[in-house]
$ cat entry.cif   # mmCIF, C-alpha atoms
data_my_file
loop_
_atom_site.label_atom_id
_atom_site.label_comp_id
_atom_site.auth_asym_id
_atom_site.auth_seq_id
_atom_site.Cartn_x
_atom_site.Cartn_y
_atom_site.Cartn_z
CA MET H 574 66.87 78.64 93.35
CA GLU H 575 69.13 81.58 92.66
CA LEU H 576 68.87 85.26 93.52
CA PRO H 577 68.82 87.94 90.79
CA ARG H 578 72.30 89.08 89.83
CA GLY H 579 73.74 91.63 92.23
CA MET H 580 71.49 90.63 95.15
CA LYS H 581 72.52 88.77 98.29
CA ASP H 582 71.25 87.49 101.61
CA PHE H 583 72.73 89.03 104.75
CA ASP H 584 73.51 86.37 107.35
CA THR H 585 73.55 86.83 111.13
CA ASP H 586 77.23 87.86 111.31
CA GLU H 587 76.75 90.48 108.61
CA MET H 588 73.61 91.85 110.26
CA ILE H 589 75.48 92.18 113.56
CA LYS H 590 78.14 94.25 111.79
CA ILE H 591 75.53 96.39 110.00
CA GLU H 592 73.77 96.99 113.31
CA PHE H 593 77.08 98.00 114.91
CA VAL H 594 77.66 100.64 112.19
CA ARG H 595 74.01 101.73 112.41
CA GLN H 596 74.08 102.23 116.18
CA THR H 597 77.38 104.10 116.01
CA PHE H 598 75.94 106.31 113.28
CA LEU H 599 72.74 107.03 115.24
CA ASP H 600 74.70 107.85 118.39
CA THR H 601 77.02 110.20 116.49
CA ALA H 602 74.13 111.86 114.65
CA LYS H 603 72.37 112.46 117.97
CA THR H 604 75.40 114.26 119.42
CA PHE H 605 75.37 116.59 116.38
CA GLY H 606 71.63 117.25 116.60
CA PHE H 607 70.49 115.50 113.40
CA ASP H 608 66.90 114.22 113.38
CA LEU H 609 66.33 110.68 112.10
CA ILE H 610 64.03 110.42 109.06
CA GLU H 611 63.13 107.47 106.82
CA PRO H 612 62.18 108.75 103.34
CA SER H 613 60.01 106.52 101.18
CA PRO H 614 61.83 103.60 99.50
CA ILE H 615 59.72 104.15 96.35
CA GLU H 616 59.63 107.49 94.54
CA LEU H 617 58.05 108.75 91.35
CA LEU H 618 60.60 108.36 88.59
CA SER H 619 60.27 112.07 87.79
CA VAL H 620 61.41 112.89 91.33
CA LEU H 621 64.60 110.82 90.99
CA GLU H 622 65.27 112.36 87.57
CA ALA H 623 65.33 115.79 89.22
CA LYS H 624 68.74 114.92 90.62
CA SER H 625 70.44 113.14 87.75
CA GLY H 626 68.33 113.60 84.61
CA PRO H 627 66.74 110.95 82.35
CA SER H 628 70.04 109.00 82.08
CA ILE H 629 69.49 107.77 85.64
CA ARG H 630 66.91 105.29 84.26
CA ASP H 631 69.73 102.97 83.20
CA GLU H 632 71.22 102.90 86.69
CA ILE H 633 68.18 102.29 88.92
CA TYR H 634 65.33 99.86 89.46
CA GLN H 635 62.35 101.53 87.76
CA PHE H 636 59.00 100.13 86.72
CA LYS H 637 55.30 100.95 86.30
CA ASP H 638 53.02 100.30 89.26
CA LYS H 639 49.46 98.97 89.02
CA GLY H 640 48.22 102.52 88.44
CA ASP H 641 50.48 102.76 85.37
CA ARG H 642 52.67 105.33 87.15
CA GLU H 643 56.42 105.35 86.52
CA VAL H 644 58.09 104.72 89.87
CA ALA H 645 61.52 103.59 91.07
CA LEU H 646 63.35 102.31 94.12
CA ARG H 647 65.47 104.93 95.87
CA PHE H 648 69.14 104.91 94.90
CA ASP H 649 70.16 107.19 97.76
CA PHE H 650 68.54 109.28 100.52
CA THR H 651 69.39 112.74 99.18
CA VAL H 652 66.52 112.95 96.70
CA GLY H 653 63.88 111.81 99.18
CA LEU H 654 65.12 114.11 101.93
CA THR H 655 65.30 117.09 99.56
CA ARG H 656 61.79 116.37 98.29
CA TYR H 657 60.59 116.17 101.89
CA ALA H 658 62.37 119.36 102.99
CA ALA H 659 61.08 121.27 99.95
CA SER H 660 57.50 120.22 100.69
CA GLN H 661 57.55 121.44 104.32
CA LYS H 662 56.58 125.11 104.11
CA ASN H 663 56.88 125.64 107.88
CA LEU H 664 60.13 123.72 108.33
CA LYS H 665 62.34 125.23 111.02
CA LEU H 666 65.66 126.13 109.42
CA PRO H 667 68.34 125.05 109.33
CA ALA H 668 66.83 121.56 109.17
CA LYS H 669 69.25 118.72 109.97
CA PHE H 670 68.30 115.18 108.97
CA SER H 671 69.92 111.74 109.26
CA SER H 672 68.92 108.49 107.52
CA PHE H 673 70.13 104.90 107.51
CA GLY H 674 68.85 102.00 105.41
CA GLY H 675 68.88 100.08 102.16
CA VAL H 676 69.19 101.51 98.63
CA TRP H 677 69.08 99.95 95.17
CA ARG H 678 71.29 100.66 92.16
CA TYR H 679 71.29 98.78 88.90
CA ASP H 680 75.01 99.08 88.24
CA GLU H 681 77.85 96.58 88.04
CA PRO H 682 78.32 94.74 91.36
CA GLN H 683 81.70 95.47 92.91
CA LYS H 684 83.72 94.76 96.00
CA GLY H 685 81.83 96.06 99.01
CA ARG H 686 78.67 96.94 97.09
CA TYR H 687 75.96 94.81 95.55
CA ARG H 688 72.90 96.16 93.74
CA PHE H 689 71.19 96.35 97.11
CA PHE H 690 73.31 97.79 99.89
CA HIS H 691 73.10 99.87 103.04
CA GLN H 692 73.88 103.55 103.28
CA TRP H 693 74.03 106.23 105.96
CA ASN H 694 73.23 109.83 105.16
CA ILE H 695 73.38 113.32 106.73
CA GLU H 696 71.75 116.43 105.19
CA THR H 697 71.35 120.08 106.19
CA PHE H 698 68.88 122.48 104.52
CA GLY H 699 68.50 126.25 104.93
CA ASN H 700 70.41 129.49 104.52
CA LEU H 701 73.81 127.84 104.70
CA ASN H 702 77.41 128.99 104.98
CA THR H 703 80.82 127.31 105.09
CA GLU H 704 80.38 126.34 108.74
CA HIS H 705 77.52 124.04 107.77
CA ASP H 706 79.81 122.22 105.33
CA ALA H 707 82.47 122.06 108.04
CA GLU H 708 79.98 120.49 110.46
CA LEU H 709 79.29 117.64 108.01
CA ILE H 710 82.99 116.97 107.57
CA GLU H 711 83.51 117.13 111.33
CA PHE H 712 80.65 114.62 111.72
CA THR H 713 82.32 112.32 109.19
CA SER H 714 85.63 112.43 111.06
CA ARG H 715 84.00 111.82 114.45
CA PHE H 716 81.89 108.98 113.07
CA PHE H 717 85.02 107.16 111.92
CA ASP H 718 86.67 107.91 115.28
CA ASN H 719 83.70 106.32 117.05
CA LEU H 720 83.99 103.25 114.81
CA LYS H 721 87.69 103.08 115.85
CA LEU H 722 88.76 103.06 112.18
CA GLN H 723 92.36 104.12 111.61
CA ASN H 724 94.14 105.82 108.69
CA ILE H 725 91.11 107.84 107.56
CA SER H 726 91.96 110.83 105.36
CA ILE H 727 89.40 113.43 104.26
CA ASP H 728 90.06 115.32 101.02
CA ILE H 729 88.26 118.64 100.46
CA ASN H 730 87.85 120.82 97.38
CA HIS H 731 85.57 123.38 95.73
CA ARG H 732 83.81 122.62 92.44
CA LYS H 733 83.69 126.26 91.36
CA LEU H 734 87.43 126.56 91.86
CA VAL H 735 88.06 123.71 89.41
CA GLU H 736 85.37 125.07 87.10
CA SER H 737 87.12 128.46 87.00
CA TYR H 738 90.43 126.85 86.14
CA ILE H 739 88.91 124.70 83.38
CA ASN H 740 87.24 127.76 81.87
CA HIS H 741 90.55 129.64 82.05
CA VAL H 742 92.59 126.90 80.38
CA PHE H 743 90.06 126.01 77.66
CA GLU H 744 88.92 129.64 77.26
CA SER H 745 85.33 128.45 77.23
CA ASN H 746 82.26 128.43 79.48
CA GLU H 747 80.49 125.76 77.42
CA THR H 748 78.54 123.39 79.71
CA THR H 749 79.19 120.14 77.84
CA LEU H 750 82.93 120.80 77.78
CA LEU H 751 82.92 121.63 81.48
CA HIS H 752 81.10 118.41 82.44
CA ASP H 753 83.37 116.31 80.19
CA ILE H 754 86.52 117.72 81.80
CA PHE H 755 85.02 117.30 85.29
CA ARG H 756 84.58 113.62 84.48
CA ALA H 757 88.19 113.43 83.30
CA VAL H 758 89.35 114.88 86.63
CA ASP H 759 87.09 112.48 88.53
CA LYS H 760 88.66 109.53 86.66
CA ILE H 761 92.19 110.43 87.78
CA GLN H 762 91.50 108.54 91.03
CA LYS H 763 90.86 105.32 89.06
CA LYS H 764 92.81 105.56 85.76
CA SER H 765 96.29 106.59 84.68
CA LYS H 766 96.88 109.97 83.07
CA ASP H 767 97.82 108.33 79.75
CA GLU H 768 94.57 106.32 79.66
CA ILE H 769 92.52 109.47 80.20
CA LEU H 770 94.47 111.44 77.58
CA GLN H 771 93.95 108.71 74.98
CA GLU H 772 90.22 108.54 75.77
CA TYR H 773 89.78 112.31 75.40
CA LYS H 774 91.98 112.53 72.33
CA LYS H 775 89.28 110.52 70.53
CA LYS H 776 86.75 113.13 71.65
CA GLY H 777 88.77 115.86 69.98
CA TYR H 778 90.01 117.70 73.08
CA SER H 779 93.39 119.44 73.19
CA LEU H 780 95.73 117.05 74.99
CA GLU H 781 98.00 119.93 76.01
CA LYS H 782 95.14 121.72 77.76
CA LEU H 783 93.75 118.54 79.28
CA GLU H 784 97.19 117.58 80.59
CA LYS H 785 97.40 120.97 82.28
CA ILE H 786 94.05 120.30 83.97
CA LEU H 787 95.21 116.86 85.12
CA GLU H 788 98.43 118.32 86.53
CA PHE H 789 96.32 120.88 88.37
CA SER H 790 94.10 118.10 89.77
CA ASN H 791 97.15 116.43 91.31
CA LEU H 792 97.79 119.35 93.67
CA LYS H 793 97.26 118.27 97.30
CA GLY H 794 98.20 119.55 100.73
CA THR H 795 97.69 122.44 103.12
CA PRO H 796 96.72 125.90 101.83
CA ASP H 797 100.34 127.08 102.18
CA GLU H 798 101.72 124.06 100.32
CA ILE H 799 99.23 124.42 97.48
CA GLU H 800 99.82 128.16 97.12
CA GLN H 801 103.53 127.52 96.63
CA SER H 802 102.91 124.84 94.00
CA PHE H 803 100.06 126.63 92.36
CA ASP H 804 101.95 129.89 91.85
CA ALA H 805 104.39 127.95 89.72
CA SER H 806 101.67 126.27 87.67
CA ILE H 807 100.02 129.33 86.13
CA GLU H 808 101.85 131.94 84.16
CA GLY H 809 101.70 135.53 85.33
CA GLY H 810 100.20 134.84 88.77
CA GLY H 811 96.88 136.48 89.52
CA TRP H 812 95.39 133.13 90.49
CA ARG H 813 93.43 134.50 93.47
CA GLU H 814 91.33 136.64 91.13
CA LEU H 815 90.87 133.71 88.74
CA LEU H 816 89.88 131.23 91.41
CA ASP H 817 87.50 133.20 93.61
CA SER H 818 86.47 130.09 95.53
CA TRP H 819 89.93 129.66 97.01
CA ASN H 820 89.17 131.87 100.03
CA GLU H 821 86.06 129.85 100.83
CA LEU H 822 88.07 126.63 100.68
CA CYS H 823 90.74 128.10 102.95
CA ASN H 824 88.05 129.24 105.40
CA LEU H 825 86.68 125.70 105.44
CA TYR H 826 90.16 124.32 106.13
CA ARG H 827 90.66 126.75 109.03
CA SER H 828 87.21 125.97 110.45
CA LEU H 829 87.97 122.25 110.44
CA LYS H 830 91.30 122.81 112.18
CA ASN H 831 89.45 124.88 114.78
CA ARG H 832 87.07 121.95 115.28
CA GLY H 833 89.98 119.60 115.94
CA VAL H 834 89.67 117.81 112.58
CA ASP H 835 93.30 117.20 111.60
CA ASN H 836 92.96 114.34 109.09
CA ILE H 837 92.16 116.72 106.20
CA ARG H 838 93.92 118.02 103.13
CA ILE H 839 92.96 120.06 100.09
CA ASN H 840 92.89 117.92 96.96
CA PHE H 841 92.09 119.58 93.62
CA GLY H 842 91.33 116.13 92.15
CA ILE H 843 88.16 115.71 94.21
CA VAL H 844 85.19 116.98 92.16
CA ARG H 845 82.58 114.22 92.71
CA GLY H 846 81.11 112.75 89.55
CA LEU H 847 77.53 113.99 89.87
CA ASP H 848 76.79 117.23 88.06
CA TYR H 849 74.47 118.64 90.73
CA TYR H 850 77.27 119.61 93.17
CA THR H 851 77.67 123.39 93.31
CA GLY H 852 80.38 124.19 95.85
CA ILE H 853 82.40 122.45 98.56
CA VAL H 854 82.93 118.72 97.90
CA PHE H 855 84.78 116.10 99.90
CA GLU H 856 85.57 112.39 100.13
CA ALA H 857 86.96 110.17 102.89
CA PHE H 858 89.38 107.29 102.32
CA ASP H 859 91.30 104.67 104.22
CA SER H 860 94.80 105.70 103.16
CA THR H 861 96.06 102.09 103.48
CA SER H 862 93.41 100.65 101.13
CA ASP H 863 92.70 100.76 97.40
CA LEU H 864 88.96 100.29 98.03
CA GLY H 865 88.13 103.84 96.98
CA ALA H 866 86.06 106.46 98.74
CA LEU H 867 84.19 105.32 101.84
CA VAL H 868 82.26 108.59 102.03
CA GLY H 869 81.33 111.37 99.62
CA GLY H 870 79.46 114.62 99.97
CA GLY H 871 79.25 118.34 99.40
CA ARG H 872 77.08 121.35 98.64
CA TYR H 873 74.17 120.96 96.19
CA ASP H 874 72.22 124.23 96.40
CA SER H 875 70.56 123.69 93.01
CA LEU H 876 68.68 120.50 93.92
CA PRO H 877 66.02 122.08 96.19
CA ASN H 878 65.34 124.50 93.32
CA ALA H 879 64.33 121.50 91.18
CA PHE H 880 61.55 120.94 93.73
CA GLY H 881 60.44 124.58 93.62
CA ARG H 882 62.45 125.95 96.54
CA ASP H 883 65.00 128.56 95.49
CA ASP H 884 65.24 129.72 99.12
CA LEU H 885 66.89 126.52 100.38
CA GLY H 886 70.57 125.75 100.34
CA ALA H 887 71.61 122.12 100.85
CA THR H 888 74.69 120.19 101.88
CA GLY H 889 75.03 116.49 102.60
CA VAL H 890 77.24 113.44 102.99
CA ALA H 891 76.65 109.71 102.56
CA GLY H 892 78.66 106.53 103.04
CA GLY H 893 78.36 102.87 102.04
CA VAL H 894 77.99 100.61 105.07
CA GLU H 895 79.33 97.41 103.49
CA ARG H 896 82.55 99.17 102.40
CA ILE H 897 83.05 100.46 105.92
CA ILE H 898 82.55 96.93 107.25
CA LEU H 899 85.29 95.67 104.91
CA ARG H 900 87.68 98.18 106.48
CA LEU H 901 86.56 97.22 110.00
CA ASP H 902 87.28 93.58 109.19
CA ASP H 903 90.67 94.31 107.60
CA GLN H 904 91.71 96.40 110.61
CA GLY H 905 90.58 93.68 113.01
CA ILE H 906 87.99 95.87 114.71
CA SER H 907 85.31 93.80 116.40
CA SER H 908 81.74 94.83 115.76
CA ILE H 909 80.32 92.06 117.93
CA PRO H 910 78.96 93.31 121.26
CA PRO H 911 80.06 91.56 124.46
CA ALA H 912 78.21 88.29 124.90
CA ASP H 913 75.65 88.72 127.70
CA THR H 914 73.66 85.69 126.61
CA ILE H 915 72.65 83.14 129.25
CA SER H 916 72.15 79.47 128.38
CA VAL H 917 69.93 77.34 130.60
CA LEU H 918 70.80 73.64 130.63
CA TYR H 919 69.08 70.66 132.24
CA VAL H 920 70.58 67.32 133.28
CA ASN H 921 67.54 65.16 132.51
CA ASP H 922 64.16 65.33 130.82
CA GLU H 923 62.34 65.63 134.16
CA LEU H 924 63.94 69.06 134.73
CA LYS H 925 63.19 70.36 131.23
CA SER H 926 59.86 71.99 132.15
CA ASP H 927 61.38 73.81 135.15
CA ALA H 928 64.30 74.98 133.01
CA ILE H 929 61.89 76.39 130.38
CA ASN H 930 59.94 78.16 133.14
CA CYS H 931 63.19 79.81 134.27
CA VAL H 932 64.04 80.87 130.72
CA SER H 933 60.65 82.52 130.26
CA LYS H 934 61.04 84.49 133.50
CA LEU H 935 64.52 85.69 132.50
CA ARG H 936 63.35 86.70 129.02
CA LYS H 937 60.43 88.62 130.55
CA LEU H 938 63.05 90.65 132.47
CA GLY H 939 64.96 91.40 129.25
CA ILE H 940 67.75 88.84 129.67
CA SER H 941 68.94 87.22 126.43
CA THR H 942 68.50 83.52 127.18
CA ASN H 943 68.89 80.31 125.16
CA ILE H 944 67.70 76.78 125.83
CA ASP H 945 67.69 73.52 123.89
CA LEU H 946 64.12 72.30 123.37
CA THR H 947 64.96 68.85 121.97
CA ALA H 948 66.28 67.14 125.14
CA LYS H 949 69.87 66.80 123.94
CA SER H 950 72.45 65.37 126.32
CA LEU H 951 74.03 67.75 128.84
CA LYS H 952 77.33 67.46 126.95
CA LYS H 953 75.66 68.55 123.69
CA GLN H 954 73.86 71.38 125.46
CA MET H 955 77.18 72.56 126.88
CA GLU H 956 78.79 72.51 123.44
CA MET H 957 75.93 74.59 122.03
CA SER H 958 76.43 77.14 124.83
CA ALA H 959 80.13 77.78 124.16
CA ASN H 960 79.54 81.44 123.17
CA SER H 961 77.34 82.27 126.17
CA LYS H 962 78.60 84.33 129.09
CA PHE H 963 77.01 82.07 131.69
CA CYS H 964 75.37 78.67 131.82
CA VAL H 965 72.65 77.98 134.37
CA ILE H 966 72.45 74.23 134.99
CA PHE H 967 69.41 72.48 136.42
CA ALA H 968 70.63 69.37 138.29
CA PRO H 969 68.48 67.07 140.49
CA LYS H 970 70.30 67.50 143.81
CA GLU H 971 70.72 71.29 143.58
CA PHE H 972 67.17 71.80 142.27
CA SER H 973 65.72 69.87 145.20
CA GLU H 974 67.31 72.56 147.40
CA LYS H 975 65.98 75.39 145.14
CA GLN H 976 69.48 75.98 143.81
CA VAL H 977 71.04 75.91 140.34
CA VAL H 978 74.63 75.68 139.18
CA LEU H 979 76.02 78.87 137.63
CA ARG H 980 78.96 78.25 135.33
CA ASN H 981 81.06 81.20 134.11
CA MET H 982 81.96 80.36 130.51
CA VAL H 983 84.84 82.82 130.47
CA ASP H 984 86.90 81.67 133.47
CA ARG H 985 85.23 78.21 133.76
CA THR H 986 84.38 78.62 137.44
CA GLU H 987 81.18 77.23 139.01
CA LYS H 988 79.07 78.01 142.05
CA GLN H 989 75.59 77.35 143.38
CA ILE H 990 73.06 80.19 143.46
CA SER H 991 69.48 80.57 144.59
CA LEU H 992 66.95 79.95 141.83
CA ASP H 993 64.61 82.54 143.36
CA ASP H 994 67.36 85.18 143.35
CA LEU H 995 68.18 84.35 139.72
CA VAL H 996 64.63 84.85 138.44
CA THR H 997 63.87 87.96 140.54
CA SER H 998 67.20 89.87 140.32
CA PRO H 999 69.17 88.28 137.47
CA LYS H 1000 71.26 91.37 136.65
CA ASP H 1001 72.48 91.57 140.25
CA VAL H 1002 73.17 87.84 140.48
CA LEU H 1003 74.92 87.69 137.11
CA ASN H 1004 76.53 91.15 137.38
CA LEU H 1005 75.19 92.20 133.97
#
$ encode --input "entry.cif" --output "structure tokens"
Amino acid sequence: MELPRGMKDFDTDEMIKIEFVRQTFLDTAKTFGFDLIEPSPIELLSVLEAKSGPSIRDEIYQFKDKGDREVALRFDFTVGLTRYAASQKNLKLPAKFSSFGGVWRYDEPQKGRYRFFHQWNIETFGNLNTEHDAELIEFTSRFFDNLKLQNISIDINHRKLVESYINHVFESNETTLLHDIFRAVDKIQKKSKDEILQEYKKKGYSLEKLEKILEFSNLKGTPDEIEQSFDASIEGGGWRELLDSWNELCNLYRSLKNRGVDNIRINFGIVRGLDYYTGIVFEAFDSTSDLGALVGGGRYDSLPNAFGRDDLGATGVAGGVERIILRLDDQGISSIPPADTISVLYVNDELKSDAINCVSKLRKLGISTNIDLTAKSLKKQMEMSANSKFCVIFAPKEFSEKQVVLRNMVDRTEKQISLDDLVTSPKDVLNL
């Protein structure tokens, strides 16, 4: 029997890695004061459409329930958390939430992401300022530090800055044009400039103006570096007045430097594809990989308004867990915790019952313990215990003296220990 396309089973090794990322995320979120919330995995379709419009139907798992209601599986945590925050009239602000779990998207399976995958998410709601955006980016940087991932670069930008420049170049404030050109800028990370120009030539856009936008989107660096390049890219100067979001972006950059976040740069090509972003946006990459963004986020003040709350600002960030695991694997970072497992072995069938009794006592005390229940030979039991930290061996002579053999599976040394001491104070005896 086969699984539906885009689905997969997660084996033990994969679940260990997912749990490693999850625990690191939860620990990091706790240090930043984010409260863990699990929004519903099923939402009304109308709720999900509040974020992305009716076109989202083609990209999600949606169906009618037994009450003939149109519902859908969550495709991220942002919608559910925003719905929740908007519904809490007495919510203490700013409200800071974290979430971790599975999401479903009916799009083309790709490296590091199936149609069901795991995601982590951080959101802040309230009367927000640039420091709240900075805190999310600082969290992102620290989270990767705690995972021990190297070569992480975080690119920051401001949607309104790019919007102002597009309006200036095309001499238009028309919404459809703006969204089309935003998508062209977003594609520069994945396609060549010539491919984008040819695609938009068919749509009737001025290639000269579009090329100017694409050149603008290639500007990257510190505020000083960009100011030098940018002055040369627009005739007559006056760009500070044109791009009134520049100061906010510079303030964000300075705030991050003050927070000790040094792996950042301004990148005018980062706009995020979704139309609901309203201000600061950012993405995080492994600079040595072509995998694409590991993390994306930004300000989306208009989304709470869709749920009837025009008094709530919102900013958030999310990352795909499986993509992060690919980078952990490629960088050789172990996500497997130290093996503290104990294996209890028995020399003959007569000692099996006593060995099981010992295992039950150790498990009751919280010690991870394995035992073979099929009376395999001692040699086979030893082979099965190769990944354990210790083996406890029940042998006739030692057991008659209320002793067992303790074998250290790391340095291969053996000694006799008291069985009573083992089952009453195992952590002291085993130095766990």
$ resolve_selection --input "entry.cif" --expression "the PyMOL selection byres ((chain H and resi 939-946) around 6)" --output "JSON, numbers by chain"
{"H": [914, 915, 916, 917, 935, 936, 937, 938, 947, 948]}
$ write_last_selection --input "entry.cif" --atoms "C-alpha atoms" --output "PDB file, keeping the file's coordinate frame"
ATOM      1  CA  THR H 914      73.660  85.690 126.610  1.00  0.00           C
ATOM      2  CA  ILE H 915      72.650  83.140 129.250  1.00  0.00           C
ATOM      3  CA  SER H 916      72.150  79.470 128.380  1.00  0.00           C
ATOM      4  CA  VAL H 917      69.930  77.340 130.600  1.00  0.00           C
ATOM      5  CA  LEU H 935      64.520  85.690 132.500  1.00  0.00           C
ATOM      6  CA  ARG H 936      63.350  86.700 129.020  1.00  0.00           C
ATOM      7  CA  LYS H 937      60.430  88.620 130.550  1.00  0.00           C
ATOM      8  CA  LEU H 938      63.050  90.650 132.470  1.00  0.00           C
ATOM      9  CA  THR H 947      64.960  68.850 121.970  1.00  0.00           C
ATOM     10  CA  ALA H 948      66.280  67.140 125.140  1.00  0.00           C
TER      11      ALA H 948
END
$ closest_residue --input "entry.cif" --among "H:Phe689, H:Phe593, H:Phe648, H:Tyr826" --to "Glu616 in chain H" --atoms "all atoms listed in the file"
H:Phe648
$ resolve_selection --input "entry.cif" --expression "the PyMOL selection byres ((chain H and resi 602) around 10)" --output "JSON, numbers by chain"
{"H": [596, 597, 598, 599, 600, 601, 603, 604, 605, 606, 607, 608, 609, 669, 670, 671, 672, 694, 695, 712, 713, 715, 716]}
$ closest_atom_pairs --input "entry.cif" --of "range 805-906 of chain H" --to "range 762-767 of chain H" --cutoff "12 Å" --atoms "only C-alpha atoms" --output "tab-separated table"
residue	atom	partner	partner_atom	distance
H:Asn840	CA	H:Gln762	CA	11.2
H:Phe841	CA	H:Gln762	CA	11.4
H:Gly842	CA	H:Gln762	CA	7.7
H:Ile843	CA	H:Gln762	CA	8.5
H:Val844	CA	H:Gln762	CA	10.6
H:Arg845	CA	H:Gln762	CA	10.7
H:Gly846	CA	H:Gln762	CA	11.3
H:Glu856	CA	H:Gln762	CA	11.5
H:Phe858	CA	H:Gln762	CA	11.6
H:Asp863	CA	H:Lys763	CA	9.7
H:Leu864	CA	H:Lys763	CA	10.5
H:Gly865	CA	H:Gln762	CA	8.3
H:Ala866	CA	H:Gln762	CA	9.7
$ write_last_selection --input "entry.cif" --atoms "C-alpha atoms" --output "mmCIF file, keeping the file's coordinate frame"
data_model
loop_
_atom_site.group_PDB
_atom_site.id
_atom_site.type_symbol
_atom_site.label_atom_id
_atom_site.label_comp_id
_atom_site.auth_asym_id
_atom_site.auth_seq_id
_atom_site.Cartn_x
_atom_site.Cartn_y
_atom_site.Cartn_z
ATOM 1 C CA ASN H 840 92.890 117.920 96.960
ATOM 2 C CA PHE H 841 92.090 119.580 93.620
ATOM 3 C CA GLY H 842 91.330 116.130 92.150
ATOM 4 C CA ILE H 843 88.160 115.710 94.210
ATOM 5 C CA VAL H 844 85.190 116.980 92.160
ATOM 6 C CA ARG H 845 82.580 114.220 92.710
ATOM 7 C CA GLY H 846 81.110 112.750 89.550
ATOM 8 C CA GLU H 856 85.570 112.390 100.130
ATOM 9 C CA PHE H 858 89.380 107.290 102.320
ATOM 10 C CA ASP H 863 92.700 100.760 97.400
ATOM 11 C CA LEU H 864 88.960 100.290 98.030
ATOM 12 C CA GLY H 865 88.130 103.840 96.980
ATOM 13 C CA ALA H 866 86.060 106.460 98.740
#
$ atom_distance --input "entry.cif" --atom1 "CA of Asn1004 in chain H" --atom2 "CA of Ile990 in chain H"
13.0 Å
$ resolve_selection --input "entry.cif" --expression "the PyMOL selection byres ((chain H and resi 792) around 8)" --output "list in words"
Glu788, Phe789, Ser790, Asn791, Lys793, Gly794, Ile799, Ser802, Phe803, Asn840, Phe841 and Gly842 of chain H
$ residues_around --input "entry.cif" --residues "Lys975 in chain H" --least-positions-apart "5" --cutoff "12 Å" --atoms "all atoms listed in the file" --output "list in words"
Asp927, Phe967, Ala968, Pro969, Lys970, Gln989, Ile990, Ser991, Leu992, Asp993, Asp994, Leu995 and Val996 of chain H
$ closest_residue --input "entry.cif" --among "H:Gly833, H:Gly699, H:Pro614, H:Gly852" --to "Gln661 in chain H" --atoms "only C-alpha atoms"
H:Gly699
$ closest_residue --input "entry.cif" --among "H:Ser628, H:Asn836, H:Trp677, H:Leu664" --to "Leu646 in chain H" --atoms "only C-alpha atoms"
H:Trp677
$ residues_around --input "entry.cif" --residues "range 738-752 of chain H" --least-positions-apart "3" --cutoff "7 Å" --atoms "only C-alpha atoms" --output "CSV table (one decimal) with C-alpha atoms, keeping the file's coordinate frame"
chain,number,residue,atom,x,y,z
H,734,LEU,CA,87.4,126.6,91.9
H,735,VAL,CA,88.1,123.7,89.4
H,755,PHE,CA,85.0,117.3,85.3
H,756,ARG,CA,84.6,113.6,84.5
H,782,LYS,CA,95.1,121.7,77.8
H,786,ILE,CA,94.0,120.3,84.0
H,816,LEU,CA,89.9,131.2,91.4
$ closest_residue --input "entry.cif" --among "H:Ser779, H:Thr795, H:Asn831, H:Thr888" --to "Gly869 in chain H" --atoms "all atoms listed in the file"
H:Thr888
$ residues_around --input "entry.cif" --residues "Val894 in chain H" --least-positions-apart "3" --cutoff "9 Å" --atoms "only C-alpha atoms" --output "list in words"
Ile591, Val594, Arg595, Gly685, Arg686, Phe690, His691, Gln692, Trp693, Leu867, Ile897, Ile898 and Leu899 of chain H
$ write_last_selection --input "entry.cif" --atoms "C-alpha atoms" --output "PDB file, keeping the file's coordinate frame"
ATOM      1  CA  ILE H 591      75.530  96.390 110.000  1.00  0.00           C
ATOM      2  CA  VAL H 594      77.660 100.640 112.190  1.00  0.00           C
ATOM      3  CA  ARG H 595      74.010 101.730 112.410  1.00  0.00           C
ATOM      4  CA  GLY H 685      81.830  96.060  99.010  1.00  0.00           C
ATOM      5  CA  ARG H 686      78.670  96.940  97.090  1.00  0.00           C
ATOM      6  CA  PHE H 690      73.310  97.790  99.890  1.00  0.00           C
ATOM      7  CA  HIS H 691      73.100  99.870 103.040  1.00  0.00           C
ATOM      8  CA  GLN H 692      73.880 103.550 103.280  1.00  0.00           C
ATOM      9  CA  TRP H 693      74.030 106.230 105.960  1.00  0.00           C
ATOM     10  CA  LEU H 867      84.190 105.320 101.840  1.00  0.00           C
ATOM     11  CA  ILE H 897      83.050 100.460 105.920  1.00  0.00           C
ATOM     12  CA  ILE H 898      82.550  96.930 107.250  1.00  0.00           C
ATOM     13  CA  LEU H 899      85.290  95.670 104.910  1.00  0.00           C
TER      14      LEU H 899
END
$ decode --input "entry.cif" --residues "range 867-881 of chain H" --atoms "C-alpha atoms" --output "JSON list (two decimals), in the first residue's frame"
[["chain", "number", "residue", "atom", "x", "y", "z"],
["H", 867, "LEU", "CA", 15.36, 28.44, 6.26],
["H", 868, "VAL", "CA", 13.29, 31.13, 7.99],
["H", 869, "GLY", "CA", 10.99, 33.94, 6.90],
["H", 870, "GLY", "CA", 9.05, 36.59, 8.74],
["H", 871, "GLY", "CA", 8.08, 40.21, 9.18],
["H", 872, "ARG", "CA", 5.40, 42.72, 10.12],
["H", 873, "TYR", "CA", 1.79, 42.04, 9.11],
["H", 874, "ASP", "CA", -0.29, 44.71, 10.85],
["H", 875, "SER", "CA", -3.23, 44.29, 8.46],
["H", 876, "LEU", "CA", -4.01, 40.66, 9.32],
["H", 877, "PRO", "CA", -5.53, 41.26, 12.80],
["H", 878, "ASN", "CA", -7.77, 43.83, 11.11],
["H", 879, "ALA", "CA", -9.23, 41.02, 8.98],
["H", 880, "PHE", "CA", -10.42, 39.49, 12.26],
["H", 881, "GLY", "CA", -11.96, 42.76, 13.46]]
